Structure formats: C-alpha cells, structure tokens
$ cat start28.cif   # mmCIF, N, CA and C atoms
data_my_file
loop_
_atom_site.label_atom_id
_atom_site.label_comp_id
_atom_site.auth_asym_id
_atom_site.auth_seq_id
_atom_site.Cartn_x
_atom_site.Cartn_y
_atom_site.Cartn_z
N MET A 1 4.69 21.32 36.31
CA MET A 1 5.12 20.39 35.28
C MET A 1 3.99 20.21 34.26
N THR A 2 4.30 20.36 32.98
CA THR A 2 3.30 20.18 31.94
C THR A 2 3.27 18.72 31.51
N LEU A 3 2.25 18.38 30.72
CA LEU A 3 2.13 17.01 30.24
C LEU A 3 3.34 16.58 29.42
N THR A 4 3.90 17.49 28.63
CA THR A 4 5.04 17.13 27.79
C THR A 4 6.31 16.94 28.61
N GLN A 5 6.33 17.42 29.84
CA GLN A 5 7.51 17.27 30.69
C GLN A 5 7.42 16.06 31.62
N MET A 6 6.30 15.39 31.63
CA MET A 6 6.12 14.26 32.52
C MET A 6 7.03 13.11 32.12
N ALA A 7 7.53 12.40 33.11
CA ALA A 7 8.38 11.25 32.86
C ALA A 7 7.55 10.13 32.24
N PRO A 8 8.18 9.33 31.38
CA PRO A 8 7.43 8.22 30.78
C PRO A 8 7.02 7.21 31.84
N THR A 9 5.90 6.56 31.59
CA THR A 9 5.44 5.52 32.51
C THR A 9 6.29 4.27 32.31
N LYS A 10 6.16 3.34 33.22
CA LYS A 10 6.90 2.07 33.12
C LYS A 10 6.52 1.35 31.82
N ASP A 11 5.23 1.35 31.47
CA ASP A 11 4.79 0.71 30.22
C ASP A 11 5.44 1.36 29.01
N GLU A 12 5.52 2.68 29.02
CA GLU A 12 6.15 3.40 27.90
C GLU A 12 7.63 3.07 27.80
N GLU A 13 8.28 2.93 28.95
CA GLU A 13 9.70 2.57 28.96
C GLU A 13 9.91 1.17 28.40
N ILE A 14 9.05 0.25 28.79
CA ILE A 14 9.15 -1.13 28.30
C ILE A 14 8.91 -1.17 26.79
N LEU A 15 7.90 -0.45 26.33
CA LEU A 15 7.60 -0.39 24.91
C LEU A 15 8.77 0.20 24.13
N GLU A 16 9.36 1.26 24.64
CA GLU A 16 10.51 1.89 23.98
C GLU A 16 11.68 0.92 23.90
N LYS A 17 11.95 0.20 24.97
CA LYS A 17 13.05 -0.78 24.97
C LYS A 17 12.78 -1.91 23.97
N ALA A 18 11.54 -2.37 23.90
CA ALA A 18 11.17 -3.43 22.96
C ALA A 18 11.34 -2.95 21.52
N ALA A 19 10.88 -1.74 21.24
CA ALA A 19 11.00 -1.18 19.89
C ALA A 19 12.47 -0.98 19.52
N GLU A 20 13.25 -0.51 20.47
CA GLU A 20 14.68 -0.30 20.21
C GLU A 20 15.39 -1.62 19.95
N SER A 21 15.06 -2.63 20.72
CA SER A 21 15.66 -3.95 20.54
C SER A 21 15.30 -4.53 19.17
N ALA A 22 14.02 -4.46 18.81
CA ALA A 22 13.58 -4.96 17.50
C ALA A 22 14.25 -4.19 16.38
N SER A 23 14.37 -2.89 16.55
CA SER A 23 15.01 -2.04 15.56
C SER A 23 16.47 -2.44 15.35
N GLN A 24 17.17 -2.73 16.43
CA GLN A 24 18.57 -3.14 16.34
C GLN A 24 18.70 -4.50 15.65
N ILE A 25 17.82 -5.42 15.98
CA ILE A 25 17.87 -6.76 15.37
C ILE A 25 17.62 -6.67 13.87
N LEU A 26 16.62 -5.87 13.49
CA LEU A 26 16.25 -5.77 12.08
C LEU A 26 17.11 -4.78 11.30
N LYS A 27 17.92 -4.01 12.02
CA LYS A 27 18.81 -3.01 11.41
C LYS A 27 18.02 -1.93 10.66
N ILE A 28 16.92 -1.47 11.29
CA ILE A 28 16.13 -0.39 10.72
C ILE A 28 15.73 0.58 11.82
N SER A 29 15.34 1.77 11.44
CA SER A 29 14.88 2.76 12.40
C SER A 29 13.39 2.59 12.67
N HIS A 30 13.01 2.79 13.91
CA HIS A 30 11.59 2.70 14.28
C HIS A 30 11.02 4.06 14.66
N HIS A 31 11.80 5.11 14.53
CA HIS A 31 11.43 6.41 15.08
C HIS A 31 10.25 7.09 14.40
N ASN A 32 9.94 6.76 13.18
CA ASN A 32 8.79 7.36 12.50
C ASN A 32 7.58 6.43 12.48
N ILE A 33 7.63 5.37 13.27
CA ILE A 33 6.58 4.36 13.29
C ILE A 33 6.01 4.28 14.70
N ASP A 34 4.70 4.13 14.80
CA ASP A 34 4.07 3.93 16.10
C ASP A 34 4.73 2.73 16.78
N LYS A 35 5.24 2.93 17.99
CA LYS A 35 5.99 1.89 18.68
C LYS A 35 5.17 0.63 18.93
N THR A 36 3.91 0.80 19.28
CA THR A 36 3.06 -0.36 19.54
C THR A 36 2.90 -1.20 18.27
N LYS A 37 2.65 -0.54 17.15
CA LYS A 37 2.51 -1.25 15.88
C LYS A 37 3.83 -1.90 15.46
N PHE A 38 4.93 -1.19 15.70
CA PHE A 38 6.24 -1.72 15.32
C PHE A 38 6.56 -2.99 16.10
N VAL A 39 6.33 -2.97 17.40
CA VAL A 39 6.60 -4.14 18.23
C VAL A 39 5.66 -5.29 17.84
N TYR A 40 4.41 -4.97 17.55
CA TYR A 40 3.47 -6.01 17.11
C TYR A 40 3.93 -6.61 15.78
N PHE A 41 4.33 -5.76 14.84
CA PHE A 41 4.86 -6.22 13.56
C PHE A 41 6.05 -7.14 13.79
N TYR A 42 6.97 -6.73 14.64
CA TYR A 42 8.15 -7.53 14.93
C TYR A 42 7.75 -8.90 15.50
N THR A 43 6.80 -8.90 16.42
CA THR A 43 6.34 -10.15 17.03
C THR A 43 5.75 -11.09 15.99
N LEU A 44 4.93 -10.55 15.09
CA LEU A 44 4.36 -11.37 14.02
C LEU A 44 5.45 -11.95 13.13
N LEU A 45 6.39 -11.11 12.74
CA LEU A 45 7.47 -11.56 11.87
C LEU A 45 8.34 -12.60 12.59
N TYR A 46 8.62 -12.35 13.85
CA TYR A 46 9.40 -13.28 14.66
C TYR A 46 8.72 -14.65 14.71
N ASN A 47 7.43 -14.66 14.97
CA ASN A 47 6.68 -15.91 15.04
C ASN A 47 6.63 -16.62 13.70
N GLN A 48 6.46 -15.86 12.63
CA GLN A 48 6.36 -16.43 11.29
C GLN A 48 7.67 -17.09 10.86
N LEU A 49 8.79 -16.48 11.25
CA LEU A 49 10.09 -16.96 10.78
C LEU A 49 10.90 -17.64 11.88
N GLY A 50 10.24 -18.02 12.94
CA GLY A 50 10.91 -18.78 13.99
C GLY A 50 12.01 -18.04 14.72
N GLY A 51 11.95 -16.72 14.69
CA GLY A 51 12.94 -15.92 15.41
C GLY A 51 14.31 -15.86 14.76
N ASP A 52 14.42 -16.32 13.52
CA ASP A 52 15.70 -16.29 12.81
C ASP A 52 16.00 -14.87 12.33
N ASP A 53 16.95 -14.21 12.99
CA ASP A 53 17.25 -12.81 12.70
C ASP A 53 17.59 -12.57 11.23
N GLU A 54 18.41 -13.45 10.66
CA GLU A 54 18.83 -13.26 9.26
C GLU A 54 17.65 -13.40 8.30
N ASN A 55 16.79 -14.38 8.54
CA ASN A 55 15.60 -14.54 7.69
C ASN A 55 14.64 -13.36 7.86
N MET A 56 14.54 -12.84 9.07
CA MET A 56 13.67 -11.69 9.31
C MET A 56 14.18 -10.47 8.55
N LYS A 57 15.48 -10.22 8.59
CA LYS A 57 16.07 -9.09 7.85
C LYS A 57 15.90 -9.30 6.34
N HIS A 58 16.09 -10.54 5.90
CA HIS A 58 15.92 -10.84 4.48
C HIS A 58 14.48 -10.58 4.04
N TRP A 59 13.50 -11.08 4.81
CA TRP A 59 12.10 -10.88 4.46
C TRP A 59 11.78 -9.38 4.40
N LEU A 60 12.26 -8.65 5.35
CA LEU A 60 11.98 -7.23 5.44
C LEU A 60 12.56 -6.46 4.25
N ASN A 61 13.70 -6.87 3.76
CA ASN A 61 14.42 -6.11 2.73
C ASN A 61 14.30 -6.69 1.33
N THR A 62 13.39 -7.62 1.15
CA THR A 62 13.19 -8.25 -0.16
C THR A 62 11.80 -7.91 -0.70
N TYR A 63 11.75 -7.65 -2.00
CA TYR A 63 10.47 -7.39 -2.64
C TYR A 63 9.53 -8.56 -2.41
N ASN A 64 8.31 -8.27 -1.98
CA ASN A 64 7.31 -9.30 -1.69
C ASN A 64 6.28 -9.29 -2.81
N THR A 65 6.17 -10.40 -3.52
CA THR A 65 5.25 -10.44 -4.67
C THR A 65 3.78 -10.37 -4.26
N HIS A 66 3.45 -10.82 -3.06
CA HIS A 66 2.07 -10.72 -2.60
C HIS A 66 1.71 -9.29 -2.20
N LEU A 67 2.61 -8.64 -1.48
CA LEU A 67 2.37 -7.25 -1.08
C LEU A 67 2.61 -6.29 -2.25
N GLU A 68 3.45 -6.71 -3.19
CA GLU A 68 3.86 -5.91 -4.35
C GLU A 68 4.70 -4.71 -3.96
N PHE A 69 5.50 -4.87 -2.91
CA PHE A 69 6.48 -3.86 -2.50
C PHE A 69 7.44 -4.51 -1.52
N CYS A 70 8.54 -3.83 -1.27
CA CYS A 70 9.51 -4.26 -0.28
C CYS A 70 9.05 -3.73 1.08
N PRO A 71 8.79 -4.58 2.06
CA PRO A 71 8.27 -4.12 3.34
C PRO A 71 9.13 -3.04 4.01
N ALA A 72 10.44 -3.14 3.94
CA ALA A 72 11.30 -2.13 4.58
C ALA A 72 11.07 -0.75 4.00
N ASP A 73 10.75 -0.68 2.73
CA ASP A 73 10.52 0.61 2.07
C ASP A 73 9.19 1.24 2.46
N GLU A 74 8.27 0.45 2.99
CA GLU A 74 6.91 0.93 3.23
C GLU A 74 6.43 0.81 4.67
N LEU A 75 7.35 0.55 5.61
CA LEU A 75 6.93 0.39 7.00
C LEU A 75 6.16 1.59 7.54
N VAL A 76 6.60 2.78 7.18
CA VAL A 76 5.94 3.99 7.69
C VAL A 76 4.57 4.17 7.07
N ASN A 77 4.47 3.99 5.77
CA ASN A 77 3.23 4.30 5.05
C ASN A 77 2.22 3.16 4.96
N ARG A 78 2.70 1.93 5.07
CA ARG A 78 1.79 0.80 4.83
C ARG A 78 1.83 -0.26 5.93
N MET A 79 2.15 0.16 7.13
CA MET A 79 2.26 -0.78 8.25
C MET A 79 0.98 -1.60 8.45
N PRO A 80 -0.22 -1.02 8.39
CA PRO A 80 -1.43 -1.84 8.56
C PRO A 80 -1.53 -2.97 7.53
N GLU A 81 -1.14 -2.70 6.31
CA GLU A 81 -1.18 -3.71 5.26
C GLU A 81 -0.15 -4.82 5.53
N ILE A 82 1.03 -4.44 5.98
CA ILE A 82 2.08 -5.42 6.29
C ILE A 82 1.64 -6.28 7.47
N ILE A 83 1.09 -5.66 8.49
CA ILE A 83 0.60 -6.40 9.66
C ILE A 83 -0.51 -7.36 9.25
N GLY A 84 -1.44 -6.90 8.44
CA GLY A 84 -2.53 -7.75 7.97
C GLY A 84 -2.01 -8.96 7.21
N TYR A 85 -1.00 -8.73 6.39
CA TYR A 85 -0.40 -9.83 5.63
C TYR A 85 0.20 -10.86 6.59
N LEU A 86 0.97 -10.40 7.56
CA LEU A 86 1.58 -11.34 8.52
C LEU A 86 0.54 -12.02 9.39
N GLU A 87 -0.51 -11.29 9.76
CA GLU A 87 -1.59 -11.90 10.56
C GLU A 87 -2.28 -13.03 9.81
N SER A 88 -2.33 -12.92 8.50
CA SER A 88 -3.03 -13.94 7.70
C SER A 88 -2.35 -15.31 7.80
N PHE A 89 -1.12 -15.35 8.28
CA PHE A 89 -0.39 -16.61 8.42
C PHE A 89 -0.46 -17.19 9.83
N GLN A 90 -1.05 -16.48 10.76
CA GLN A 90 -1.04 -16.88 12.16
C GLN A 90 -1.69 -18.23 12.41
N TYR A 91 -2.78 -18.53 11.77
CA TYR A 91 -3.53 -19.74 12.11
C TYR A 91 -3.55 -20.76 11.00
N ARG A 92 -2.53 -20.74 10.20
CA ARG A 92 -2.44 -21.73 9.10
C ARG A 92 -1.81 -22.99 9.58
#

$ encode --input "start28.cif" --output "structure tokens"
Amino acid sequence: MTLTQMAPTKDEEILEKAAESASQILKISHHNIDKTKFVYFYTLLYNQLGGDDENMKHWLNTYNTHLEFCPADELVNRMPEIIGYLESFQYR
C-alpha cells in the first residue's frame, strides 16, 4: 500500500465532515481551499455573527468595503487576509 492509498485518519475524517458541513451551510464549495483554514474561517465567521446562517451567507456574498472585495469571490486566493480581518474582531 502506498501513501496515496492509505485510509484517512480519524482527524482527517472529522476535518472533512466539518468542512463539508460548513460548505453546505454557507452554500459554497470548499474543495479548492485548505480544509483546516476553511473550518477556521467558518468558526471565526460563526462567532462573529452569532451562528446566524443567513447573516453568514450575506456577509460572505456581499462586497466588503474594508477588505475591498467580496469574500466569496476571493476565498481561494485571499483566505489569509479574510481570516486576519475576522480575527481582528475576536477581542473587541
């Protein structure tokens, strides 16, 4: 058995399920995004917006004047910037 044929670990399975769940809630694909970063992004957004699914989808799909782009359009290319923006609200 080669490394690419090995079964996923329990942690990888949990991470995949979390990413899939977040993806379904937000109505976006997570397949081109690092799963760990995607789940972390989702957690930050969830905490910032009190877990309100509709507000989370709205935030994701609306042009953000501070970021100067729509987060949904840039998740693949600018995830660190989006995460940094959400992190900046954690301790306010």

$ residues_around --input "start28.cif" --residues "stretch 76-92 of chain A" --least-positions-apart "6" --cutoff "7 Å" --atoms "only C-alpha atoms" --output "number ranges by chain"
A: 32-33, 41, 44-45

$ residues_around --input "start28.cif" --residues "A:Asp52" --least-positions-apart "6" --cutoff "12 Å" --atoms "only C-alpha atoms" --output "ChimeraX atom specification"
/A:25-26,42-43,45-46,58-59

$ axis_aligned_box --input "start28.cif" --around "stretch 63-71 of chain A" --padding-each-side "3 Å" --output "lines of an AutoDock Vina configuration file"
center_x = 6.7
center_y = -6.9
center_z = -0.3
size_x = 16.0
size_y = 13.8
size_z = 14.7

$ atom_distance --input "start28.cif" --atom1 "atom C of A:Asp34" --atom2 "atom CA of A:Glu54"
22.6 Å

$ atom_distance --input "start28.cif" --atom1 "atom CA of A:Asn47" --atom2 "atom CA of A:Pro71"
16.7 Å

$ atom_distance --input "start28.cif" --atom1 "atom CA of A:Asn64" --atom2 "atom CA of A:Gly51"
19.2 Å

$ closest_residue --input "start28.cif" --among "A:Tyr63, A:Ala19, A:Cys70, A:Glu12" --to "A:Tyr40" --atoms "all atoms listed in the file"
A:Ala19

$ residues_around --input "start28.cif" --residues "A:Ala72" --least-positions-apart "4" --cutoff "6.5 Å" --atoms "all atoms listed in the file" --output "compact mmCIF listing (two decimals) with N, CA and C atoms, in the frame of the given file"
# COMPACT_ATOMS: atom_id res chain seq x y z
N TRP A 59 13.50 -11.08 4.81
CA TRP A 59 12.10 -10.88 4.46
C TRP A 59 11.78 -9.38 4.40
N LEU A 60 12.26 -8.65 5.35
CA LEU A 60 11.98 -7.23 5.44
C LEU A 60 12.56 -6.46 4.25
N ASN A 61 13.70 -6.87 3.76
CA ASN A 61 14.42 -6.11 2.73
C ASN A 61 14.30 -6.69 1.33
N THR A 62 13.39 -7.62 1.15
CA THR A 62 13.19 -8.25 -0.16
C THR A 62 11.80 -7.91 -0.70

$ select_by_dssp --input "start28.cif" --residues "chain A" --states "alpha helix (DSSP H)" --output "PyMOL selection string"
chain A and resi 10-26+35-48+53-60+71-87

$ closest_residue --input "start28.cif" --among "A:Asp53, A:Pro8, A:Asp73, A:Thr36" --to "A:Gln24" --atoms "only C-alpha atoms"
A:Asp53

$ closest_residue --input "start28.cif" --among "A:Leu75, A:Ala22, A:Met56, A:Leu67" --to "A:Val39" --atoms "all atoms listed in the file"
A:Ala22

$ residues_around --input "start28.cif" --residues "stretch 14-18 of chain A" --least-positions-apart "5" --cutoff "6.5 Å" --atoms "all atoms listed in the file" --output "PyMOL selection string"
chain A and resi 9+23+35+39

$ decode --input "start28.cif" --residues "stretch 6-17 of chain A" --atoms "N, CA and C atoms" --output "PDB file, in the first residue's frame"
ATOM      1  N   MET A   6      -3.445   5.081   1.430  1.00  0.00           N
ATOM      2  CA  MET A   6      -3.754   4.900   2.838  1.00  0.00           C
ATOM      3  C   MET A   6      -5.107   5.524   3.178  1.00  0.00           C
ATOM      4  N   ALA A   7      -5.824   4.886   4.074  1.00  0.00           N
ATOM      5  CA  ALA A   7      -7.111   5.397   4.512  1.00  0.00           C
ATOM      6  C   ALA A   7      -6.893   6.668   5.332  1.00  0.00           C
ATOM      7  N   PRO A   8      -7.853   7.597   5.254  1.00  0.00           N
ATOM      8  CA  PRO A   8      -7.710   8.822   6.043  1.00  0.00           C
ATOM      9  C   PRO A   8      -7.747   8.510   7.536  1.00  0.00           C
ATOM     10  N   THR A   9      -7.052   9.327   8.295  1.00  0.00           N
ATOM     11  CA  THR A   9      -7.067   9.166   9.745  1.00  0.00           C
ATOM     12  C   THR A   9      -8.397   9.681  10.286  1.00  0.00           C
ATOM     13  N   LYS A  10      -8.660   9.383  11.534  1.00  0.00           N
ATOM     14  CA  LYS A  10      -9.888   9.861  12.182  1.00  0.00           C
ATOM     15  C   LYS A  10      -9.937  11.389  12.176  1.00  0.00           C
ATOM     16  N   ASP A  11      -8.796  12.040  12.447  1.00  0.00           N
ATOM     17  CA  ASP A  11      -8.740  13.505  12.420  1.00  0.00           C
ATOM     18  C   ASP A  11      -9.079  14.048  11.041  1.00  0.00           C
ATOM     19  N   GLU A  12      -8.558  13.404  10.002  1.00  0.00           N
ATOM     20  CA  GLU A  12      -8.846  13.843   8.634  1.00  0.00           C
ATOM     21  C   GLU A  12     -10.321  13.667   8.299  1.00  0.00           C
ATOM     22  N   GLU A  13     -10.917  12.595   8.788  1.00  0.00           N
ATOM     23  CA  GLU A  13     -12.341  12.360   8.563  1.00  0.00           C
ATOM     24  C   GLU A  13     -13.182  13.428   9.256  1.00  0.00           C
ATOM     25  N   ILE A  14     -12.817  13.761  10.480  1.00  0.00           N
ATOM     26  CA  ILE A  14     -13.539  14.796  11.232  1.00  0.00           C
ATOM     27  C   ILE A  14     -13.408  16.148  10.535  1.00  0.00           C
ATOM     28  N   LEU A  15     -12.204  16.469  10.097  1.00  0.00           N
ATOM     29  CA  LEU A  15     -11.965  17.727   9.396  1.00  0.00           C
ATOM     30  C   LEU A  15     -12.776  17.783   8.105  1.00  0.00           C
ATOM     31  N   GLU A  16     -12.808  16.700   7.358  1.00  0.00           N
ATOM     32  CA  GLU A  16     -13.582  16.650   6.114  1.00  0.00           C
ATOM     33  C   GLU A  16     -15.062  16.851   6.391  1.00  0.00           C
ATOM     34  N   LYS A  17     -15.584  16.209   7.422  1.00  0.00           N
ATOM     35  CA  LYS A  17     -17.003  16.369   7.772  1.00  0.00           C
ATOM     36  C   LYS A  17     -17.307  17.805   8.193  1.00  0.00           C
TER      37      LYS A  17
END
